[in-house]
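Novice: Sharing upload.cif below, mmCIF, C-alpha atoms:
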```
data_work
#
loop_
_atom_site.label_atom_id
_atom_site.label_comp_id
_atom_site.auth_asym_id
_atom_site.auth_seq_id
_atom_site.Cartn_x
_atom_site.Cartn_y
_atom_site.Cartn_z
CA MET G 1 -46.01 -24.69 -35.54
CA LYS G 2 -47.86 -23.57 -32.42
CA ASN G 3 -46.27 -26.42 -30.37
CA ILE G 4 -42.76 -25.43 -31.50
CA HIS G 5 -43.40 -21.83 -30.45
CA VAL G 6 -44.65 -22.97 -27.01
CA LEU G 7 -41.59 -25.22 -26.58
CA ALA G 8 -39.23 -22.39 -27.54
CA VAL G 9 -40.86 -19.97 -25.08
CA THR G 10 -40.79 -22.61 -22.34
CA ALA G 11 -37.11 -23.35 -23.00
CA LEU G 12 -36.17 -19.64 -22.97
CA THR G 13 -38.15 -19.05 -19.78
CA SER G 14 -36.43 -22.00 -18.09
CA LEU G 15 -32.99 -20.76 -19.15
CA SER G 16 -33.72 -17.24 -17.88
CA MET G 17 -34.92 -18.62 -14.57
CA LEU G 18 -31.77 -20.69 -14.22
CA ALA G 19 -29.55 -17.75 -15.12
CA GLY G 20 -31.40 -15.52 -12.66
CA THR G 21 -30.91 -17.93 -9.78
CA SER G 22 -27.27 -18.77 -10.35
CA ILE G 23 -25.28 -18.01 -7.20
CA VAL G 24 -21.54 -17.50 -7.20
CA ARG G 25 -19.95 -18.30 -3.85
CA ALA G 26 -16.39 -17.74 -2.82
CA GLU G 27 -14.87 -20.89 -1.44
CA GLU G 28 -13.49 -21.02 2.08
CA THR G 29 -10.30 -22.96 2.73
CA THR G 30 -9.88 -24.32 6.24
CA CYS G 31 -6.20 -24.04 7.16
CA GLN G 32 -4.65 -26.43 9.70
CA GLY G 33 -0.95 -26.82 9.00
CA THR G 34 0.82 -25.07 6.14
CA LEU G 35 -0.25 -23.48 2.86
CA GLY G 36 2.49 -22.41 0.48
CA ALA G 37 2.44 -20.41 -2.75
CA VAL G 38 -1.16 -21.16 -3.77
CA THR G 39 -4.15 -18.91 -4.51
CA VAL G 40 -7.38 -19.36 -2.53
CA ASP G 41 -10.61 -17.38 -2.09
CA ASN G 42 -10.92 -17.13 1.73
CA ILE G 43 -9.11 -18.75 4.64
CA ARG G 44 -10.51 -19.79 8.01
CA VAL G 45 -8.22 -20.89 10.83
CA PRO G 46 -10.42 -23.07 13.07
CA ALA G 47 -10.53 -22.72 16.84
CA SER G 48 -7.40 -23.99 18.64
CA LYS G 49 -5.59 -24.82 15.35
CA THR G 50 -2.42 -23.39 13.79
CA CYS G 51 -2.10 -22.14 10.21
CA ASN G 52 1.20 -21.22 8.52
CA LEU G 53 0.90 -19.22 5.29
CA ASN G 54 4.04 -18.77 3.20
CA GLY G 55 3.70 -16.88 -0.08
CA THR G 56 -0.05 -17.57 -0.16
CA LYS G 57 -2.42 -15.35 -2.18
CA VAL G 58 -5.90 -14.83 -0.72
CA LYS G 59 -8.55 -13.24 -2.94
CA GLY G 60 -10.82 -12.55 0.05
CA THR G 61 -10.43 -12.55 3.83
CA VAL G 62 -8.46 -14.47 6.47
CA LYS G 63 -10.44 -15.24 9.67
CA VAL G 64 -8.64 -16.50 12.77
CA GLU G 65 -10.98 -18.11 15.31
CA SER G 66 -10.82 -18.51 19.09
CA ASN G 67 -7.48 -19.72 20.52
CA ALA G 68 -6.09 -20.26 16.98
CA THR G 69 -2.65 -19.23 15.70
CA LEU G 70 -1.82 -17.60 12.36
CA ARG G 71 1.73 -17.21 11.04
CA ALA G 72 1.73 -15.40 7.68
CA ALA G 73 4.90 -14.49 5.77
CA ASN G 74 5.09 -12.93 2.32
CA VAL G 75 1.32 -13.25 1.81
CA SER G 76 -1.01 -11.20 -0.38
CA VAL G 77 -4.53 -10.74 1.00
CA VAL G 78 -7.04 -8.72 -1.05
CA GLY G 79 -9.47 -8.34 1.88
CA ASN G 80 -8.91 -8.24 5.64
CA ILE G 81 -7.17 -10.32 8.28
CA GLN G 82 -9.58 -10.65 11.21
CA ALA G 83 -8.71 -12.32 14.49
CA GLU G 84 -11.00 -12.45 17.51
CA ASN G 85 -9.94 -14.29 20.68
CA ALA G 86 -6.95 -15.73 18.77
CA ALA G 87 -3.97 -17.10 20.68
CA SER G 88 -1.37 -15.53 18.38
CA VAL G 89 -1.17 -13.66 15.06
CA SER G 90 2.01 -12.92 13.12
CA VAL G 91 2.06 -11.12 9.75
CA SER G 92 5.52 -10.40 8.33
CA SER G 93 8.14 -10.45 5.59
CA GLY G 94 6.72 -8.21 2.89
CA SER G 95 3.09 -9.25 3.31
CA ILE G 96 0.47 -7.07 1.58
CA VAL G 97 -3.08 -6.66 2.93
CA GLY G 98 -5.56 -4.80 0.71
CA GLY G 99 -7.97 -4.15 3.58
CA SER G 100 -7.33 -3.94 7.33
CA ILE G 101 -5.79 -6.12 10.03
CA GLN G 102 -8.05 -6.38 13.08
CA ILE G 103 -6.82 -8.23 16.16
CA LYS G 104 -9.31 -8.20 19.03
CA GLN G 105 -9.51 -9.77 22.49
CA GLY G 106 -6.66 -12.19 21.80
CA GLY G 107 -3.18 -12.99 22.99
CA THR G 108 0.06 -11.97 21.27
CA ALA G 109 0.43 -10.35 17.85
CA SER G 110 3.23 -9.10 15.65
CA VAL G 111 2.76 -7.18 12.40
CA ALA G 112 6.13 -6.34 10.85
CA SER G 113 7.60 -5.31 7.49
CA SER G 114 4.18 -5.39 5.83
CA LYS G 115 1.97 -3.10 3.73
CA ILE G 116 -1.61 -2.58 4.93
CA ASN G 117 -3.87 -0.45 2.72
CA GLY G 118 -6.49 -0.05 5.47
CA ASP G 119 -6.13 0.16 9.25
CA LEU G 120 -4.15 -1.83 11.80
CA GLN G 121 -6.25 -2.33 14.94
CA PHE G 122 -5.24 -3.86 18.26
CA ASP G 123 -8.23 -3.95 20.62
CA ALA G 124 -8.36 -5.45 24.15
CA ASN G 125 -5.57 -8.01 23.69
CA SER G 126 -3.79 -9.53 26.70
CA GLY G 127 -0.42 -10.54 25.18
CA ARG G 128 2.61 -8.68 23.84
CA LEU G 129 1.89 -6.68 20.65
CA VAL G 130 4.38 -5.39 18.06
CA ALA G 131 3.91 -3.10 15.05
CA ASN G 132 7.27 -2.53 13.36
CA LEU G 133 8.40 -1.25 9.93
CA ASN G 134 4.93 -1.26 8.32
CA GLN G 135 3.35 0.96 5.68
CA ILE G 136 -0.21 1.65 6.78
CA GLY G 137 -2.62 3.38 4.38
CA GLY G 138 -5.18 4.09 7.13
CA SER G 139 -4.71 4.51 10.87
CA LEU G 140 -3.03 2.46 13.59
CA GLN G 141 -5.38 2.12 16.56
CA ALA G 142 -4.50 0.47 19.87
CA PHE G 143 -7.14 0.46 22.62
CA GLN G 144 -7.30 -1.29 26.01
CA ASN G 145 -4.42 -3.74 25.49
CA THR G 146 -2.75 -5.14 28.62
CA GLY G 147 0.33 -7.15 27.52
CA GLY G 148 2.60 -4.34 26.36
CA LEU G 149 2.80 -2.73 22.94
CA SER G 150 5.76 -1.62 20.81
CA ILE G 151 5.09 0.72 17.85
CA THR G 152 8.30 1.46 15.96
CA ASN G 153 9.33 2.86 12.56
CA ASN G 154 5.94 2.68 10.82
CA ARG G 155 4.73 4.96 7.99
CA ILE G 156 1.09 5.78 8.75
CA ASP G 157 -1.05 7.77 6.29
CA GLY G 158 -3.87 8.22 8.82
CA ASN G 159 -3.67 8.69 12.59
CA LEU G 160 -1.76 6.93 15.37
CA GLN G 161 -4.33 6.51 18.17
CA CYS G 162 -3.68 4.84 21.52
CA LYS G 163 -6.01 4.86 24.55
CA GLU G 164 -6.30 2.95 27.83
CA ASN G 165 -3.37 0.58 27.18
CA ARG G 166 -1.66 -0.77 30.33
CA PRO G 167 1.29 -0.46 30.24
CA GLN G 168 1.57 2.52 27.91
CA PRO G 169 2.91 1.81 24.40
CA THR G 170 6.63 2.18 23.72
CA GLY G 171 8.58 2.79 20.52
CA GLY G 172 9.27 5.73 18.23
CA GLY G 173 10.45 6.70 14.77
CA ASN G 174 6.92 6.58 13.34
CA ILE G 175 6.07 8.91 10.42
CA VAL G 176 2.41 9.85 10.76
CA GLN G 177 0.55 11.96 8.16
CA GLY G 178 -2.44 12.48 10.46
CA ASN G 179 -2.30 12.99 14.23
CA LYS G 180 -0.43 11.20 16.99
CA GLU G 181 -2.99 11.00 19.77
CA ASP G 182 -3.22 10.31 23.52
CA GLN G 183 -0.74 7.62 24.67
CA CYS G 184 0.99 7.60 21.26
CA SER G 185 1.52 11.38 21.00
CA ARG G 186 5.26 10.98 21.64
CA LEU G 187 5.85 7.95 19.41
#
```
Starting from the file, lay out its structure as structure tokens.
Specialist:
Amino acid sequence: MKNIHVLAVTALTSLSMLAGTSIVRAEETTCQGTLGAVTVDNIRVPASKTCNLNGTKVKGTVKVESNATLRAANVSVVGNIQAENAASVSVSSGSIVGGSIQIKQGGTASVASSKINGDLQFDANSGRLVANLNQIGGSLQAFQNTGGLSITNNRIDGNLQCKENRPQPTGGGNIVQGNKEDQCSRL
């Protein structure tokens, strides 16, 4: 009887240790080419590659690496879209982003006809930038961009903030619940 008790305790201890060390990891899908109407955890667009998303659902985040291109239409992203040093980023056609879109130190970008629950940020990009017909739950921030920037007909729940962009941003027709600041005060 004593041996059975020892075996039972040992088995329960082993099960608890296994349960305590179980790790759940979100899978990352590397996108080179096209993904259609599928559901994935996270997406990574590798350096110098192109990813086309059409109707794709992403339960996590989309990361666009150096010199890569992302074209996303009618996508649903629970987390963020993050691009640093990317060649080009396009988000359009009724796309929904639960977090923010952050495009930094890259080339061209266009975010149009999309819903963003967080912020839209353009920071130190060298190519032409467009933000048109979006619903933005946070703020739109554009700082130190040098390729030209058009901000037109967006609904922004936070602030519209633009500083140190050369040339100055153009556009208009934006409905801003917060403040229109600096270079974007007239937009």
Novice: For the file shown, report as a ChimeraX atom specification the outcome of the PyMOL selection byres ((chain G and resi 96) around 9) at residue level.
Specialist: /G:74-78,94-95,97-98,114-117
Novice: Excluding segment 149-165 of chain G and residues on its chain fewer than 3 positions from it, collect all residues at most 8 Å away from it, counting all atoms listed in the file, and give them as a short mmCIF file (atom, residue, chain, number, x, y, z; two decimals) with C-alpha atoms, in the frame of the given file.
Specialist:
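As written to disk, result20.cif reads:
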```
data_model
loop_
_atom_site.label_atom_id
_atom_site.label_comp_id
_atom_site.auth_asym_id
_atom_site.auth_seq_id
_atom_site.Cartn_x
_atom_site.Cartn_y
_atom_site.Cartn_z
CA ARG G 128 2.61 -8.68 23.84
CA LEU G 129 1.89 -6.68 20.65
CA VAL G 130 4.38 -5.39 18.06
CA ALA G 131 3.91 -3.10 15.05
CA ASN G 132 7.27 -2.53 13.36
CA LEU G 133 8.40 -1.25 9.93
CA ASN G 134 4.93 -1.26 8.32
CA GLN G 135 3.35 0.96 5.68
CA ILE G 136 -0.21 1.65 6.78
CA GLY G 137 -2.62 3.38 4.38
CA GLY G 138 -5.18 4.09 7.13
CA SER G 139 -4.71 4.51 10.87
CA LEU G 140 -3.03 2.46 13.59
CA GLN G 141 -5.38 2.12 16.56
CA ALA G 142 -4.50 0.47 19.87
CA PHE G 143 -7.14 0.46 22.62
CA GLN G 144 -7.30 -1.29 26.01
CA ASN G 145 -4.42 -3.74 25.49
CA THR G 146 -2.75 -5.14 28.62
CA GLN G 168 1.57 2.52 27.91
CA PRO G 169 2.91 1.81 24.40
CA THR G 170 6.63 2.18 23.72
CA GLY G 171 8.58 2.79 20.52
CA GLY G 172 9.27 5.73 18.23
CA GLY G 173 10.45 6.70 14.77
CA ASN G 174 6.92 6.58 13.34
CA ILE G 175 6.07 8.91 10.42
CA VAL G 176 2.41 9.85 10.76
CA GLN G 177 0.55 11.96 8.16
CA GLY G 178 -2.44 12.48 10.46
CA ASN G 179 -2.30 12.99 14.23
CA LYS G 180 -0.43 11.20 16.99
CA GLU G 181 -2.99 11.00 19.77
CA ASP G 182 -3.22 10.31 23.52
CA GLN G 183 -0.74 7.62 24.67
CA CYS G 184 0.99 7.60 21.26
CA SER G 185 1.52 11.38 21.00
CA LEU G 187 5.85 7.95 19.41
#
```
Novice: Mind telling me what the PyMOL selection byres ((chain G and resi 120) around 7) catches here, as a PDB file with C-alpha atoms, in the coordinates of the input?
Specialist:
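So the final result, stored in selection15.pdb, reads:
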```pdb
ATOM      1  CA  SER G 100      -7.330  -3.940   7.330  1.00  0.00           C
ATOM      2  CA  ILE G 101      -5.790  -6.120  10.030  1.00  0.00           C
ATOM      3  CA  GLN G 102      -8.050  -6.380  13.080  1.00  0.00           C
ATOM      4  CA  GLY G 118      -6.490  -0.050   5.470  1.00  0.00           C
ATOM      5  CA  ASP G 119      -6.130   0.160   9.250  1.00  0.00           C
ATOM      6  CA  GLN G 121      -6.250  -2.330  14.940  1.00  0.00           C
ATOM      7  CA  PHE G 122      -5.240  -3.860  18.260  1.00  0.00           C
ATOM      8  CA  SER G 139      -4.710   4.510  10.870  1.00  0.00           C
ATOM      9  CA  LEU G 140      -3.030   2.460  13.590  1.00  0.00           C
ATOM     10  CA  GLN G 141      -5.380   2.120  16.560  1.00  0.00           C
TER      11      GLN G 141
END
```
Novice: Tell me, in Å to one decimal, how far atom CA of Asn54 of chain G is from atom CA of Asn67 of chain G.
Specialist: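 Between these atoms lies a distance of 20.8 Å.
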Novice: Could you tell me which of G:Ile103, G:Ile43, G:Leu35, G:Ala83 comes closest to Val62 of chain G if we count only C-alpha atoms?
Specialist: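 Closest to Val62 of chain G, using only C-alpha atoms: G:Ile43.
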Novice: How many Å separate atom CA of Cys51 of chain G from atom CA of Ala124 of chain G?
Specialist: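 That distance, rounded to one decimal, is 22.6 Å.
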Novice: So how far away is atom CA of Asn52 of chain G from atom CA of Ile81 of chain G, in Å?
Specialist: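 Between these atoms lies a distance of 13.7 Å.
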Novice: Which protein, DNA or RNA residues are at most 10 Å from (-6.7, -18.8, 23.5) in the file's coordinates when you count only C-alpha atoms, listed as number ranges by chain?
Specialist: G: 47-48, 65-69, 84-88, 105-108
Novice: Using only C-alpha atoms, determine which residues lie at most 8 Å from Thr50 of chain G, disregarding the query and same-chain residues fewer than 4 positions distant; provide the list as a ChimeraX atom specification.
Specialist: /G:31-33,45,68-71
Novice: Please write the residues from the selection above to a file, keeping C-alpha atoms, as a short mmCIF file (atom, residue, chain, number, x, y, z; two decimals), in the frame of the given file.
Specialist:
```cif
data_model
loop_
_atom_site.label_atom_id
_atom_site.label_comp_id
_atom_site.auth_asym_id
_atom_site.auth_seq_id
_atom_site.Cartn_x
_atom_site.Cartn_y
_atom_site.Cartn_z
CA CYS G 31 -6.20 -24.04 7.16
CA GLN G 32 -4.65 -26.43 9.70
CA GLY G 33 -0.95 -26.82 9.00
CA VAL G 45 -8.22 -20.89 10.83
CA ALA G 68 -6.09 -20.26 16.98
CA THR G 69 -2.65 -19.23 15.70
CA LEU G 70 -1.82 -17.60 12.36
CA ARG G 71 1.73 -17.21 11.04
#
```
Novice: Hey, what comes out of the PyMOL selection byres ((chain G and resi 59) around 9) on this file? Could you write it as a PyMOL selection string?
Specialist: chain G and resi 39-42+57-58+60-61+76-79
Novice: Using only C-alpha atoms, which of the listed residues (G:Ala112, G:Leu53, G:Ala72, G:Val64) sits closest to Ala37 of chain G?
Specialist: G:Leu53
Novice: Would you compute the box with edges along x, y and z of the file around segment 174-181 of chain G, including every atom the file lists for it and 3 Å extra on each side, and give its centre and edge lengths in Å to one decimal, as AutoDock Vina command-line options?
Specialist:
```
--center_x 2.0 --center_y 9.8 --center_z 14.0 --size_x 15.9 --size_y 12.4 --size_z 17.6
```
Novice: Taking all atoms listed in the file into account, which of G:Gly55, G:Arg166, G:Gly36, G:Ser113 comes nearest Asn125 of chain G?
Specialist: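 Of all the options, G:Arg166 lies closest to Asn125 of chain G.
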Novice: Which residue is closest to Asp123 of chain G? Choose from G:Ala26, G:Lys104, G:Ser92, G:Val111 and count only C-alpha atoms.
Specialist: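 When distances to Asp123 of chain G are compared using only C-alpha atoms, the smallest one comes from G:Lys104.
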